[in-house]
>>> print(open('model.pdb').read())   # PDB, C-alpha atoms
MODEL        1
ATOM      1  CA  MET A   1     109.681  93.926  77.256
ATOM      2  CA  GLY A   2     112.275  94.445  79.965
ATOM      3  CA  PHE A   3     111.804  94.300  83.705
ATOM      4  CA  MET A   4     111.644  98.092  84.061
ATOM      5  CA  ASP A   5     108.977  98.312  81.359
ATOM      6  CA  GLN A   6     106.969  95.652  83.160
ATOM      7  CA  MET A   7     107.279  97.572  86.419
ATOM      8  CA  LYS A   8     106.101 100.776  84.717
ATOM      9  CA  GLU A   9     103.114  98.939  83.260
ATOM     10  CA  ALA A  10     102.278  97.434  86.650
ATOM     11  CA  MET A  11     102.479 100.856  88.318
ATOM     12  CA  LYS A  12     100.261 102.357  85.618
ATOM     13  CA  ALA A  13      97.721  99.561  86.033
ATOM     14  CA  ARG A  14      97.710 100.058  89.822
ATOM     15  CA  SER A  15      97.143 103.794  89.362
ATOM     16  CA  GLU A  16      94.216 103.120  87.025
ATOM     17  CA  GLN A  17      92.800 100.596  89.500
ATOM     18  CA  LYS A  18      92.892 103.217  92.272
ATOM     19  CA  LYS A  19      91.058 105.703  90.038
ATOM     20  CA  ILE A  20      88.386 103.108  89.274
ATOM     21  CA  GLU A  21      87.992 102.216  92.958
ATOM     22  CA  ALA A  22      87.597 105.916  93.876
ATOM     23  CA  ALA A  23      84.949 106.409  91.174
ATOM     24  CA  ILE A  24      83.050 103.323  92.346
ATOM     25  CA  LYS A  25      82.996 104.562  95.944
ATOM     26  CA  LYS A  26      81.382 107.820  94.772
ATOM     27  CA  LEU A  27      78.721 106.076  92.690
ATOM     28  CA  LYS A  28      75.201 106.109  94.169
ATOM     29  CA  VAL A  29      71.931 104.724  92.831
ATOM     30  CA  GLU A  30      68.426 105.238  94.169
ATOM     31  CA  HIS A  31      65.437 102.949  93.726
ATOM     32  CA  THR A  32      61.896 103.664  94.921
ATOM     33  CA  ASN A  33      58.793 101.480  94.952
ATOM     34  CA  GLY A  34      55.741 101.263  97.189
ATOM     35  CA  GLY A  35      56.817 104.238  99.280
ATOM     36  CA  ILE A  36      60.213 102.683 100.064
ATOM     37  CA  THR A  37      63.386 104.367  98.812
ATOM     38  CA  VAL A  38      66.830 102.756  98.965
ATOM     39  CA  VAL A  39      70.134 104.412  98.115
ATOM     40  CA  ALA A  40      72.951 101.970  97.321
ATOM     41  CA  ARG A  41      76.621 102.820  96.796
ATOM     42  CA  GLY A  42      79.019 101.403  94.240
ATOM     43  CA  ASP A  43      80.753  99.404  96.963
ATOM     44  CA  MET A  44      77.457  97.447  97.310
ATOM     45  CA  MET A  45      76.546  98.982 100.655
ATOM     46  CA  ILE A  46      73.162 100.470 101.492
ATOM     47  CA  GLU A  47      73.585 104.130 102.367
ATOM     48  CA  GLN A  48      69.993 105.001 103.171
ATOM     49  CA  ILE A  49      66.512 103.532 103.460
ATOM     50  CA  SER A  50      63.568 105.883 103.770
ATOM     51  CA  PHE A  51      59.831 105.326 103.970
ATOM     52  CA  ALA A  52      56.865 107.402 102.861
ATOM     53  CA  ASP A  53      53.803 107.282 105.106
ATOM     54  CA  ASN A  54      52.032 104.900 102.716
ATOM     55  CA  ALA A  55      54.898 102.388 102.930
ATOM     56  CA  PHE A  56      53.466 101.037 106.170
ATOM     57  CA  ASP A  57      49.949 100.473 104.820
ATOM     58  CA  GLU A  58      50.588  96.732 104.455
ATOM     59  CA  VAL A  59      51.722  96.471 108.075
ATOM     60  CA  LYS A  60      48.722  98.478 109.287
ATOM     61  CA  GLN A  61      46.459  96.090 107.366
ATOM     62  CA  GLY A  62      47.990  93.125 109.165
ATOM     63  CA  LYS A  63      50.221  92.019 106.269
ATOM     64  CA  PRO A  64      53.779  92.458 107.571
ATOM     65  CA  GLU A  65      55.058  89.746 105.212
ATOM     66  CA  ARG A  66      54.045  91.847 102.207
ATOM     67  CA  PHE A  67      55.946  94.809 103.650
ATOM     68  CA  ARG A  68      59.018  92.631 104.213
ATOM     69  CA  THR A  69      58.795  91.340 100.647
ATOM     70  CA  MET A  70      58.449  94.881  99.274
ATOM     71  CA  LEU A  71      61.473  96.009 101.292
ATOM     72  CA  GLU A  72      63.574  93.083 100.078
ATOM     73  CA  ASN A  73      62.534  93.751  96.471
ATOM     74  CA  VAL A  74      63.453  97.444  96.671
ATOM     75  CA  ILE A  75      66.833  96.663  98.262
ATOM     76  CA  ASN A  76      67.600  93.982  95.666
ATOM     77  CA  ALA A  77      66.563  96.285  92.806
ATOM     78  CA  ALA A  78      68.794  99.076  94.131
ATOM     79  CA  LEU A  79      71.740  96.689  94.427
ATOM     80  CA  LYS A  80      71.134  95.381  90.909
ATOM     81  CA  LYS A  81      71.023  98.927  89.525
ATOM     82  CA  VAL A  82      74.225  99.923  91.314
ATOM     83  CA  ARG A  83      75.982  96.737  90.144
ATOM     84  CA  GLU A  84      75.035  97.534  86.527
ATOM     85  CA  ALA A  85      76.074 101.189  86.910
ATOM     86  CA  THR A  86      79.382 100.108  88.457
ATOM     87  CA  GLN A  87      80.096  97.728  85.571
ATOM     88  CA  GLN A  88      79.369 100.497  83.057
ATOM     89  CA  GLU A  89      81.607 102.938  84.927
ATOM     90  CA  VAL A  90      84.469 100.447  85.074
ATOM     91  CA  MET A  91      84.208  99.676  81.357
ATOM     92  CA  LYS A  92      84.079 103.372  80.488
ATOM     93  CA  MET A  93      87.141 104.133  82.604
ATOM     94  CA  MET A  94      89.090 101.159  81.274
ATOM     95  CA  GLN A  95      88.442 102.199  77.685
ATOM     96  CA  GLY A  96      89.097 105.884  78.384
ATOM     97  CA  GLY A  97      92.242 105.194  80.391
ATOM     98  CA  GLY A  98      93.862 103.030  77.766
ATOM     99  CA  MET A  99      93.501  99.870  79.803
ATOM    100  CA  GLY A 100      91.487  98.114  77.128
ATOM    101  CA  GLY A 101      94.605  96.299  75.956
ATOM    102  CA  LEU A 102      94.981  94.675  79.349
ATOM    103  CA  PHE A 103      91.588  93.042  79.051
ATOM    104  CA  GLY A 104      91.595  91.709  75.526
ATOM    105  CA  LYS A 105      90.642  94.839  73.585
TER     106      LYS A 105
ENDMDL
END
>>> encode(input="model.pdb", output="structure tokens")
Amino acid sequence: MGFMDQMKEAMKARSEQKKIEAAIKKLKVEHTNGGITVVARGDMMIEQISFADNAFDEVKQGKPERFRTMLENVINAALKKVREATQQEVMKMMQGGGMGGLFGK
């Protein structure tokens, strides 16, 4: 493979990488538990946290630690779900875009 062919391959790979990055930025996952809802994005950032009225029951009952634990669990679950969804999206795009050969397929 000549230098120009290598450059073309590198440019194609960069183009595919940009497509994957754009798709990941658009990806959103929601997780709800105990009246707490978290929306996480594919770039591993939290976009939104919302609370139902019953979410604060633990705090009202004098158990703020339980509320904190519930909040941490919902955030971690949302991040885990978005990480898994991101991995699936990347694999799907790599296979669909012909990049499988670059990664041992």
>>> closest_residue(input="model.pdb", among="A:His31, A:Lys12, A:Lys25, A:Arg66", to="Thr86 in chain A", atoms="only C-alpha atoms")
A:Lys25
>>> resolve_selection(input="model.pdb", expression="the PyMOL selection byres ((chain A and resi 33) around 9)", output="list of chain:residue names")
A:His31, A:Thr32, A:Gly34, A:Gly35, A:Ile36, A:Thr37, A:Ala55, A:Met70, A:Leu71, A:Asn73, A:Val74
>>> residues_around(input="model.pdb", residues="Glu30 in chain A", least_positions_apart="5", cutoff="10 Å", atoms="all atoms listed in the file", output="list in words")
Thr37, Val38, Val39, Ala40, Arg41, Ile46, Glu47, Gln48, Ile49, Val74, Ile75, Ala77, Ala78, Leu79, Lys81 and Val82 of chain A
>>> atom_distance(input="model.pdb", atom1="CA of Asp43 in chain A", atom2="CA of Met94 in chain A")
17.9 Å
>>> closest_residue(input="model.pdb", among="A:Gln61, A:Gln95, A:Met45, A:Phe51", to="Ile24 in chain A", atoms="only C-alpha atoms")
A:Met45
>>> resolve_selection(input="model.pdb", expression="the PyMOL selection byres ((chain A and resi 23) around 12)", output="number ranges by chain")
A: 16-22, 24-28, 41-43, 85-94
>>> axis_aligned_box(input="model.pdb", around="range 24-30 of chain A", padding_each_side="4 Å", output="JSON")
{"center_x": 75.7, "center_y": 105.6, "center_z": 94.1, "size_x": 22.6, "size_y": 12.5, "size_z": 11.6}
>>> closest_residue(input="model.pdb", among="A:Arg68, A:Met44, A:Ala52, A:Met11", to="Val29 in chain A", atoms="all atoms listed in the file")
A:Met44
>>> atom_distance(input="model.pdb", atom1="CA of Gly2 in chain A", atom2="CA of Ser15 in chain A")
20.1 Å
>>> atom_distance(input="model.pdb", atom1="CA of Glu84 in chain A", atom2="CA of Ala10 in chain A")
27.2 Å
>>> build_atoms(input="model.pdb", residues="range 19-39 of chain A", atoms="N, CA and C atoms", output="tab-separated table (two decimals), in the frame of the given file")
chain	number	residue	atom	x	y	z
A	19	LYS	N	92.02	104.74	90.58
A	19	LYS	CA	91.06	105.70	90.04
A	19	LYS	C	89.68	105.06	89.91
A	20	ILE	N	89.65	103.83	89.43
A	20	ILE	CA	88.39	103.11	89.27
A	20	ILE	C	87.74	102.88	90.64
A	21	GLU	N	88.53	102.45	91.62
A	21	GLU	CA	87.99	102.22	92.96
A	21	GLU	C	87.41	103.50	93.56
A	22	ALA	N	88.09	104.64	93.36
A	22	ALA	CA	87.60	105.92	93.88
A	22	ALA	C	86.28	106.30	93.21
A	23	ALA	N	86.19	106.08	91.90
A	23	ALA	CA	84.95	106.41	91.17
A	23	ALA	C	83.80	105.52	91.64
A	24	ILE	N	84.08	104.26	91.89
A	24	ILE	CA	83.05	103.32	92.35
A	24	ILE	C	82.53	103.73	93.72
A	25	LYS	N	83.42	104.15	94.60
A	25	LYS	CA	83.00	104.56	95.94
A	25	LYS	C	82.06	105.76	95.89
A	26	LYS	N	82.22	106.62	94.90
A	26	LYS	CA	81.38	107.82	94.77
A	26	LYS	C	80.03	107.53	94.12
A	27	LEU	N	79.93	106.41	93.43
A	27	LEU	CA	78.72	106.08	92.69
A	27	LEU	C	77.56	105.76	93.64
A	28	LYS	N	76.40	106.36	93.37
A	28	LYS	CA	75.20	106.11	94.17
A	28	LYS	C	74.02	105.93	93.24
A	29	VAL	N	73.13	104.99	93.60
A	29	VAL	CA	71.93	104.72	92.83
A	29	VAL	C	70.75	104.67	93.79
A	30	GLU	N	69.63	105.23	93.35
A	30	GLU	CA	68.43	105.24	94.17
A	30	GLU	C	67.33	104.44	93.47
A	31	HIS	N	66.58	103.68	94.27
A	31	HIS	CA	65.44	102.95	93.73
A	31	HIS	C	64.27	103.13	94.69
A	32	THR	N	63.10	103.44	94.12
A	32	THR	CA	61.90	103.66	94.92
A	32	THR	C	60.76	102.82	94.38
A	33	ASN	N	60.00	102.22	95.32
A	33	ASN	CA	58.79	101.48	94.95
A	33	ASN	C	57.95	101.31	96.21
A	34	GLY	N	56.66	101.49	96.08
A	34	GLY	CA	55.74	101.26	97.19
A	34	GLY	C	55.99	102.14	98.39
A	35	GLY	N	56.54	103.33	98.18
A	35	GLY	CA	56.82	104.24	99.28
A	35	GLY	C	58.13	103.96	99.99
A	36	ILE	N	58.91	103.02	99.48
A	36	ILE	CA	60.21	102.68	100.06
A	36	ILE	C	61.30	103.15	99.10
A	37	THR	N	62.27	103.90	99.62
A	37	THR	CA	63.39	104.37	98.81
A	37	THR	C	64.68	103.85	99.41
A	38	VAL	N	65.53	103.28	98.54
A	38	VAL	CA	66.83	102.76	98.96
A	38	VAL	C	67.91	103.41	98.12
A	39	VAL	N	68.96	103.88	98.80
A	39	VAL	CA	70.13	104.41	98.12
A	39	VAL	C	71.28	103.44	98.35
